file protein_33.pdb (PDB, C-alpha atoms)
ATOM      1  CA  MET M 161     -25.311  21.254   5.146
ATOM      2  CA  ASN M 162     -21.988  19.849   4.022
ATOM      3  CA  SER M 163     -18.665  21.450   4.899
ATOM      4  CA  ILE M 164     -15.119  20.958   3.683
ATOM      5  CA  LEU M 165     -12.057  21.354   5.866
ATOM      6  CA  ARG M 166      -8.769  21.767   3.966
ATOM      7  CA  ILE M 167      -5.452  21.238   5.715
ATOM      8  CA  PRO M 168      -2.029  21.774   4.095
ATOM      9  CA  LEU M 169       0.564  19.110   4.886
ATOM     10  CA  ASN M 170       3.906  20.726   5.625
ATOM     11  CA  GLY M 171       6.080  17.687   5.980
ATOM     12  CA  SER M 172       9.744  16.843   5.594
ATOM     13  CA  PRO M 173      11.183  16.061   2.141
ATOM     14  CA  GLU M 174      11.056  12.364   3.052
ATOM     15  CA  GLN M 175       7.389  12.568   4.024
ATOM     16  CA  LEU M 176       6.451  14.417   0.832
ATOM     17  CA  ALA M 177       8.359  11.832  -1.200
ATOM     18  CA  SER M 178       6.311   9.100   0.492
ATOM     19  CA  LEU M 179       3.098  10.909  -0.429
ATOM     20  CA  ARG M 180       4.195  11.267  -4.060
ATOM     21  CA  ALA M 181       5.041   7.557  -4.202
ATOM     22  CA  LEU M 182       1.662   6.662  -2.737
ATOM     23  CA  GLN M 183      -0.117   8.932  -5.215
ATOM     24  CA  GLN M 184       1.679   7.327  -8.152
ATOM     25  CA  ALA M 185       0.913   3.816  -6.890
ATOM     26  CA  PHE M 186      -2.743   4.742  -6.337
ATOM     27  CA  ALA M 187      -2.960   5.944  -9.957
ATOM     28  CA  GLN M 188      -1.469   2.641 -11.135
ATOM     29  CA  VAL M 189      -4.191   0.693  -9.336
ATOM     30  CA  CYS M 190      -6.866   2.939 -10.843
ATOM     31  CA  ASN M 191      -5.411   2.484 -14.324
ATOM     32  CA  ALA M 192      -5.292  -1.281 -13.898
ATOM     33  CA  LEU M 193      -9.018  -1.250 -13.109
ATOM     34  CA  SER M 194     -10.146   1.157 -15.849
ATOM     35  CA  PRO M 195     -10.014  -1.380 -18.736
ATOM     36  CA  LEU M 196     -12.388  -3.666 -16.825
ATOM     37  CA  VAL M 197     -14.852  -0.787 -16.487
ATOM     38  CA  GLN M 198     -14.540  -0.037 -20.189
ATOM     39  CA  GLN M 199     -15.037  -3.663 -21.253
ATOM     40  CA  SER M 200     -17.776  -4.615 -18.790
ATOM     41  CA  ARG M 201     -19.580  -1.249 -18.879
ATOM     42  CA  CYS M 202     -19.894  -1.629 -15.117
ATOM     43  CA  TRP M 203     -18.737   0.929 -12.572
ATOM     44  CA  ASN M 204     -20.900   0.066  -9.601
ATOM     45  CA  ARG M 205     -18.569   0.158  -6.632
ATOM     46  CA  VAL M 206     -19.774  -3.051  -4.992
ATOM     47  CA  THR M 207     -19.806  -5.012  -8.257
ATOM     48  CA  LEU M 208     -16.340  -3.757  -9.184
ATOM     49  CA  HIS M 209     -15.071  -4.841  -5.791
ATOM     50  CA  HIS M 210     -16.306  -8.393  -6.382
ATOM     51  CA  LEU M 211     -14.916  -8.455  -9.921
ATOM     52  CA  ALA M 212     -11.492  -6.956  -9.347
ATOM     53  CA  TYR M 213     -10.417  -6.809  -5.699
ATOM     54  CA  LYS M 214      -8.607 -10.149  -5.526
ATOM     55  CA  GLN M 215      -6.759  -9.590  -8.804
ATOM     56  CA  LEU M 216      -5.727  -6.065  -7.819
ATOM     57  CA  ARG M 217      -4.410  -7.254  -4.461
ATOM     58  CA  GLU M 218      -2.315  -9.882  -6.237
ATOM     59  CA  GLN M 219      -1.109  -7.395  -8.851
ATOM     60  CA  PHE M 220      -0.239  -4.698  -6.295
ATOM     61  CA  PRO M 221       0.907  -6.532  -3.136
ATOM     62  CA  ALA M 222       2.592  -3.423  -1.721
ATOM     63  CA  MET M 223      -0.692  -1.532  -1.679
ATOM     64  CA  GLY M 224      -2.731  -2.111   1.453
ATOM     65  CA  SER M 225      -6.061  -3.884   1.153
ATOM     66  CA  GLN M 226      -8.077  -0.843   2.207
ATOM     67  CA  MET M 227      -6.231   1.417  -0.230
ATOM     68  CA  VAL M 228      -7.172  -0.959  -3.038
ATOM     69  CA  CYS M 229     -10.787  -0.550  -1.928
ATOM     70  CA  ASN M 230     -10.323   3.215  -2.026
ATOM     71  CA  ALA M 231      -8.901   3.014  -5.564
ATOM     72  CA  ILE M 232     -11.978   1.036  -6.620
ATOM     73  CA  TYR M 233     -14.096   3.797  -5.111
ATOM     74  CA  SER M 234     -12.103   6.434  -7.017
ATOM     75  CA  VAL M 235     -12.607   4.673 -10.362
ATOM     76  CA  SER M 236     -16.310   4.139  -9.664
ATOM     77  CA  ARG M 237     -16.727   7.794  -8.713
ATOM     78  CA  SER M 238     -14.919   9.120 -11.805
ATOM     79  CA  SER M 239     -16.753   6.693 -14.085
ATOM     80  CA  ARG M 240     -20.113   7.916 -12.821
ATOM     81  CA  LEU M 241     -19.087  11.452 -13.664
ATOM     82  CA  VAL M 242     -17.766  10.622 -17.152
ATOM     83  CA  TYR M 243     -20.387   8.101 -18.260
ATOM     84  CA  GLN M 244     -23.525   9.231 -16.434
ATOM     85  CA  HIS M 245     -23.440  12.959 -15.814
ATOM     86  CA  PRO M 246     -25.843  14.696 -18.249
ATOM     87  CA  ASN M 247     -23.252  17.389 -19.014
ATOM     88  CA  SER M 248     -20.494  14.929 -19.880
ATOM     89  CA  PRO M 249     -19.672  14.589 -23.602
ATOM     90  CA  PHE M 250     -19.148  10.874 -22.941
ATOM     91  CA  ASN M 251     -22.560  10.294 -21.384
ATOM     92  CA  LEU M 252     -23.957   6.880 -22.296
ATOM     93  CA  ASN M 253     -26.937   8.458 -24.019
ATOM     94  CA  ARG M 254     -24.586  10.337 -26.343
ATOM     95  CA  LEU M 255     -22.340   7.349 -27.007
ATOM     96  CA  GLY M 256     -25.160   4.997 -27.897
ATOM     97  CA  ASN M 257     -23.681   1.674 -29.044
ATOM     98  CA  LYS M 258     -20.160   3.053 -29.421
ATOM     99  CA  PRO M 259     -17.442   1.534 -27.217
ATOM    100  CA  LEU M 260     -16.819   3.348 -23.971
ATOM    101  CA  PRO M 261     -13.727   5.554 -23.860
ATOM    102  CA  LEU M 262     -10.952   4.458 -21.503
ATOM    103  CA  LEU M 263     -10.257   6.509 -18.396
ATOM    104  CA  ARG M 264      -6.586   7.138 -17.618
ATOM    105  CA  PHE M 265      -5.569   8.535 -14.244
ATOM    106  CA  ALA M 266      -2.564  10.851 -14.001
ATOM    107  CA  ASP M 267       0.120  10.296 -11.383
ATOM    108  CA  THR M 268      -1.194  13.450  -9.703
ATOM    109  CA  CYS M 269      -4.704  12.076  -9.194
ATOM    110  CA  PRO M 270      -6.257  12.485  -5.735
ATOM    111  CA  VAL M 271      -5.836   9.678  -3.219
ATOM    112  CA  TYR M 272      -8.882   8.696  -1.176
ATOM    113  CA  PHE M 273      -8.507   7.728   2.454
ATOM    114  CA  ASP M 274     -10.906   6.474   5.123
ATOM    115  CA  ARG M 275     -10.925   5.872   8.859
ATOM    116  CA  HIS M 276      -8.857   2.703   8.403
ATOM    117  CA  THR M 277      -6.031   4.462   6.549
ATOM    118  CA  LEU M 278      -6.050   7.889   8.211
ATOM    119  CA  SER M 279      -6.847   9.077  11.705
ATOM    120  CA  VAL M 280      -6.841  12.366  13.585
ATOM    121  CA  LYS M 281      -6.491  12.398  17.354
ATOM    122  CA  ASP M 282      -5.338  15.094  19.764
ATOM    123  CA  GLY M 283      -3.987  17.256  16.970
ATOM    124  CA  GLN M 284      -1.985  14.414  15.431
ATOM    125  CA  LEU M 285      -2.646  13.089  11.932
ATOM    126  CA  SER M 286      -1.592   9.522  11.124
ATOM    127  CA  MET M 287      -1.873   8.327   7.530
ATOM    128  CA  TYR M 288      -1.002   5.250   5.528
ATOM    129  CA  THR M 289       1.833   5.266   2.969
ATOM    130  CA  LEU M 290       3.786   2.540   1.187
ATOM    131  CA  ASP M 291       6.592   3.191   3.699
ATOM    132  CA  GLY M 292       4.367   2.735   6.725
ATOM    133  CA  ARG M 293       2.332   5.310   8.587
ATOM    134  CA  ILE M 294       3.587   8.872   8.755
ATOM    135  CA  ARG M 295       2.436  11.543  11.181
ATOM    136  CA  PHE M 296       1.808  15.252  10.989
ATOM    137  CA  HIS M 297       0.966  17.790  13.677
ATOM    138  CA  LEU M 298      -2.259  19.672  12.929
ATOM    139  CA  ALA M 299      -3.056  23.107  14.285
ATOM    140  CA  LEU M 300      -6.843  22.754  14.304
ATOM    141  CA  ARG M 301      -9.267  25.428  15.406
ATOM    142  CA  PRO M 302     -11.712  24.301  18.119
ATOM    143  CA  GLU M 303     -14.622  24.338  15.643
ATOM    144  CA  ASP M 304     -12.627  22.172  13.215
ATOM    145  CA  GLU M 305     -11.754  19.733  15.976
ATOM    146  CA  ALA M 306     -15.442  19.565  16.874
ATOM    147  CA  SER M 307     -16.367  18.559  13.317
ATOM    148  CA  PHE M 308     -14.522  15.260  13.747
ATOM    149  CA  HIS M 309     -16.739  14.449  16.744
ATOM    150  CA  GLU M 310     -20.074  15.968  15.769
ATOM    151  CA  LYS M 311     -20.387  15.402  12.011
ATOM    152  CA  LYS M 312     -20.256  12.417   9.714
ATOM    153  CA  LEU M 313     -16.987  12.225   7.771
ATOM    154  CA  ARG M 314     -17.892  11.311   4.188
ATOM    155  CA  GLU M 315     -14.632  11.674   2.287
ATOM    156  CA  ILE M 316     -10.922  12.224   2.915
ATOM    157  CA  VAL M 317      -8.923  13.263  -0.132
ATOM    158  CA  LEU M 318      -5.206  13.869  -0.539
ATOM    159  CA  SER M 319      -4.468  16.261  -3.418
ATOM    160  CA  ARG M 320      -1.321  17.712  -4.975
ATOM    161  CA  THR M 321      -1.314  21.506  -5.023
ATOM    162  CA  ALA M 322      -0.062  23.859  -7.735
ATOM    163  CA  THR M 323       3.150  24.359  -5.745
ATOM    164  CA  ASP M 324       3.823  20.577  -5.669
ATOM    165  CA  SER M 325       2.930  20.280  -1.998
ATOM    166  CA  PHE M 326      -0.028  18.366  -0.560
ATOM    167  CA  GLU M 327      -3.388  19.181   0.972
ATOM    168  CA  LEU M 328      -5.966  17.054   2.756
ATOM    169  CA  SER M 329      -9.672  17.746   2.291
ATOM    170  CA  PHE M 330     -12.227  16.423   4.781
ATOM    171  CA  LEU M 331     -15.848  16.392   3.615
ATOM    172  CA  PHE M 332     -18.302  16.389   6.512
ATOM    173  CA  LEU M 333     -22.052  15.777   6.352
ATOM    174  CA  THR M 334     -24.551  16.727   8.998
ATOM    175  CA  PRO M 335     -26.353  13.764  10.620
ATOM    176  CA  THR M 336     -29.561  14.583   8.714
ATOM    177  CA  GLN M 337     -27.978  14.191   5.273
ATOM    178  CA  GLY M 338     -27.949  11.041   3.194
ATOM    179  CA  ASP M 339     -24.899   9.298   1.821
ATOM    180  CA  GLU M 340     -24.948  10.948  -1.582
ATOM    181  CA  ILE M 341     -21.883  13.050  -2.259
ATOM    182  CA  PRO M 342     -22.806  16.731  -2.534
ATOM    183  CA  ALA M 343     -21.790  18.504  -5.705
ATOM    184  CA  ASN M 344     -18.481  20.302  -5.553
ATOM    185  CA  LYS M 345     -19.470  23.918  -5.976
ATOM    186  CA  GLU M 346     -15.933  24.848  -6.990
ATOM    187  CA  GLN M 347     -16.097  22.566 -10.005
ATOM    188  CA  ASP M 348     -18.467  23.087 -12.910
ATOM    189  CA  PRO M 349     -21.068  20.268 -12.762
ATOM    190  CA  GLY M 350     -20.110  17.566 -15.232
ATOM    191  CA  GLU M 351     -16.611  18.957 -15.776
ATOM    192  CA  ILE M 352     -14.121  16.123 -16.119
ATOM    193  CA  PRO M 353     -11.204  16.637 -13.693
ATOM    194  CA  GLU M 354      -7.799  17.442 -15.144
ATOM    195  CA  TYR M 355      -6.280  14.299 -13.659
ATOM    196  CA  VAL M 356      -8.607  12.042 -15.699
ATOM    197  CA  MET M 357      -7.653  11.616 -19.352
ATOM    198  CA  ILE M 358     -10.087  10.162 -21.850
ATOM    199  CA  GLU M 359      -8.879   7.779 -24.554
ATOM    200  CA  GLU M 360     -11.616   7.391 -27.147
ATOM    201  CA  THR M 361     -11.905   4.165 -29.114
ATOM    202  CA  THR M 362     -12.965   3.935 -32.738
TER     203      THR M 362
END
call {"tool": "encode", "arguments": {"input": "protein_33.pdb", "output": "structure tokens"}}
result
Amino acid sequence: MNSILRIPLNGSPEQLASLRALQQAFAQVCNALSPLVQQSRCWNRVTLHHLAYKQLREQFPAMGSQMVCNAIYSVSRSSRLVYQHPNSPFNLNRLGNKPLPLLRFADTCPVYFDRHTLSVKDGQLSMYTLDGRIRFHLALRPEDEASFHEKKLREIVLSRTATDSFELSFLFLTPTQGDEIPANKEQDPGEIPEYVMIEETT
């Protein structure tokens, strides 16, 4: 059974500014990749990495190499939802031979992290930003602390909240589960997230 741990980040104004800058830069990388997905009709994560990683690293030198990989993952993930989910109005079967619409990521899009760009140890959170790593103190319950040692961490997502602060979500899988991402029960299946805008082509 999957579980999600959500942690608010109550940082200083400087730390929150760093997170906003990172979020905006992450969206820029995603938007630089989206036209390639539209033109090639390919959103396989591994294939996209081979097609675009080097160019993206050259285009966005300030963005760390692993964060570029995470942006590729984000575009692949959103593209699967938009182009493949049976409930999506832009499903390939509905589009037929029409050109694919272009995905545009808002500056408030989620930022994906991994064990290379974020770590939790002894109640301290260390995460990558464009200004270097920043640290937060986490008041974790014992059962939450145990999840980091006993369960497989599948996703780490930084999201902007309605009050313009930030929240981290940790998605854990039990050791018996596969690598497929469980459906988000809080989101209607096939619903396109608000941070993804669709530009249809004629």
call {"tool": "closest_residue", "arguments": {"input": "protein_33.pdb", "among": "M:His210, M:Arg217, M:Arg205, M:Arg237", "to": "Tyr272 (chain M)", "atoms": "all atoms listed in the file"}}
result
M:Arg237
call {"tool": "residues_around", "arguments": {"input": "protein_33.pdb", "residues": "Gln244 (chain M)", "least_positions_apart": "2", "cutoff": "12 Å", "atoms": "all atoms listed in the file", "output": "ChimeraX atom specification"}}
result
/M:201-204,236-242,246-255,260,349-352
call {"tool": "closest_residue", "arguments": {"input": "protein_33.pdb", "among": "M:Phe273, M:Tyr243, M:Arg166, M:Val280", "to": "Ala306 (chain M)", "atoms": "all atoms listed in the file"}}
result
M:Val280
call {"tool": "resolve_selection", "arguments": {"input": "protein_33.pdb", "expression": "the PyMOL selection byres ((chain M and resi 208) around 12)", "output": "mmCIF file with C-alpha atoms, in the frame of the given file"}}
result
data_model
loop_
_atom_site.group_PDB
_atom_site.id
_atom_site.type_symbol
_atom_site.label_atom_id
_atom_site.label_comp_id
_atom_site.auth_asym_id
_atom_site.auth_seq_id
_atom_site.Cartn_x
_atom_site.Cartn_y
_atom_site.Cartn_z
ATOM 1 C CA CYS M 190 -6.866 2.939 -10.843
ATOM 2 C CA LEU M 193 -9.018 -1.250 -13.109
ATOM 3 C CA SER M 194 -10.146 1.157 -15.849
ATOM 4 C CA PRO M 195 -10.014 -1.380 -18.736
ATOM 5 C CA LEU M 196 -12.388 -3.666 -16.825
ATOM 6 C CA VAL M 197 -14.852 -0.787 -16.487
ATOM 7 C CA GLN M 198 -14.540 -0.037 -20.189
ATOM 8 C CA SER M 200 -17.776 -4.615 -18.790
ATOM 9 C CA ARG M 201 -19.580 -1.249 -18.879
ATOM 10 C CA CYS M 202 -19.894 -1.629 -15.117
ATOM 11 C CA TRP M 203 -18.737 0.929 -12.572
ATOM 12 C CA ASN M 204 -20.900 0.066 -9.601
ATOM 13 C CA ARG M 205 -18.569 0.158 -6.632
ATOM 14 C CA VAL M 206 -19.774 -3.051 -4.992
ATOM 15 C CA THR M 207 -19.806 -5.012 -8.257
ATOM 16 C CA HIS M 209 -15.071 -4.841 -5.791
ATOM 17 C CA HIS M 210 -16.306 -8.393 -6.382
ATOM 18 C CA LEU M 211 -14.916 -8.455 -9.921
ATOM 19 C CA ALA M 212 -11.492 -6.956 -9.347
ATOM 20 C CA TYR M 213 -10.417 -6.809 -5.699
ATOM 21 C CA LYS M 214 -8.607 -10.149 -5.526
ATOM 22 C CA GLN M 215 -6.759 -9.590 -8.804
ATOM 23 C CA LEU M 216 -5.727 -6.065 -7.819
ATOM 24 C CA VAL M 228 -7.172 -0.959 -3.038
ATOM 25 C CA CYS M 229 -10.787 -0.550 -1.928
ATOM 26 C CA ASN M 230 -10.323 3.215 -2.026
ATOM 27 C CA ALA M 231 -8.901 3.014 -5.564
ATOM 28 C CA ILE M 232 -11.978 1.036 -6.620
ATOM 29 C CA TYR M 233 -14.096 3.797 -5.111
ATOM 30 C CA SER M 234 -12.103 6.434 -7.017
ATOM 31 C CA VAL M 235 -12.607 4.673 -10.362
ATOM 32 C CA SER M 236 -16.310 4.139 -9.664
ATOM 33 C CA ARG M 237 -16.727 7.794 -8.713
ATOM 34 C CA SER M 239 -16.753 6.693 -14.085
#
call {"tool": "atom_distance", "arguments": {"input": "protein_33.pdb", "atom1": "CA of Ser163 (chain M)", "atom2": "CA of Leu313 (chain M)"}}
result
9.8 Å
call {"tool": "closest_residue", "arguments": {"input": "protein_33.pdb", "among": "M:Arg275, M:Pro261, M:Thr323, M:Asp267", "to": "Glu359 (chain M)", "atoms": "only C-alpha atoms"}}
result
M:Pro261
call {"tool": "atom_distance", "arguments": {"input": "protein_33.pdb", "atom1": "CA of Gln199 (chain M)", "atom2": "CA of Val356 (chain M)"}}
result
17.9 Å
call {"tool": "closest_residue", "arguments": {"input": "protein_33.pdb", "among": "M:Leu176, M:Cys269, M:Leu300, M:Arg293", "to": "Lys281 (chain M)", "atoms": "only C-alpha atoms"}}
result
M:Leu300
call {"tool": "closest_residue", "arguments": {"input": "protein_33.pdb", "among": "M:Met223, M:Leu331, M:Ala181, M:Ile294", "to": "Leu165 (chain M)", "atoms": "all atoms listed in the file"}}
result
M:Leu331
call {"tool": "resolve_selection", "arguments": {"input": "protein_33.pdb", "expression": "the PyMOL selection byres ((chain M and resi 297) around 7)", "output": "ChimeraX atom specification"}}
result
/M:283-285,295-296,298-299
call {"tool": "residues_around", "arguments": {"input": "protein_33.pdb", "residues": "Val317 (chain M)", "least_positions_apart": "4", "cutoff": "6 Å", "atoms": "only C-alpha atoms", "output": "PyMOL selection string"}}
result
chain M and resi 271-272+328-329
call {"tool": "write_last_selection", "arguments": {"input": "protein_33.pdb", "atoms": "C-alpha atoms", "output": "PDB file, in the frame of the given file"}}
result
ATOM      1  CA  VAL M 271      -5.836   9.678  -3.219  1.00  0.00           C
ATOM      2  CA  TYR M 272      -8.882   8.696  -1.176  1.00  0.00           C
ATOM      3  CA  LEU M 328      -5.966  17.054   2.756  1.00  0.00           C
ATOM      4  CA  SER M 329      -9.672  17.746   2.291  1.00  0.00           C
TER       5      SER M 329
END
call {"tool": "resolve_selection", "arguments": {"input": "protein_33.pdb", "expression": "the PyMOL selection byres ((chain M and resi 169) around 7)", "output": "PyMOL selection string"}}
result
chain M and resi 167-168+170-171+326-327
call {"tool": "closest_residue", "arguments": {"input": "protein_33.pdb", "among": "M:Pro302, M:His245, M:Gly224, M:Lys258", "to": "His276 (chain M)", "atoms": "all atoms listed in the file"}}
result
M:Gly224
call {"tool": "axis_aligned_box", "arguments": {"input": "protein_33.pdb", "around": "region 196-201 of chain M", "padding_each_side": "4 Å", "output": "lines of an AutoDock Vina configuration file"}}
result
center_x = -16.0
center_y = -2.3
center_z = -18.9
size_x = 15.2
size_y = 12.6
size_z = 12.8
call {"tool": "atom_distance", "arguments": {"input": "protein_33.pdb", "atom1": "CA of Ile316 (chain M)", "atom2": "CA of Asn162 (chain M)"}}
result
13.5 Å
call {"tool": "residues_near_point", "arguments": {"input": "protein_33.pdb", "point": "(-10.9, 8.1, -22.1)", "cutoff": "6 Å", "atoms": "all atoms listed in the file", "output": "list in words"}}
result
Pro261, Leu262, Leu263, Met357, Ile358, Glu359 and Glu360 of chain M
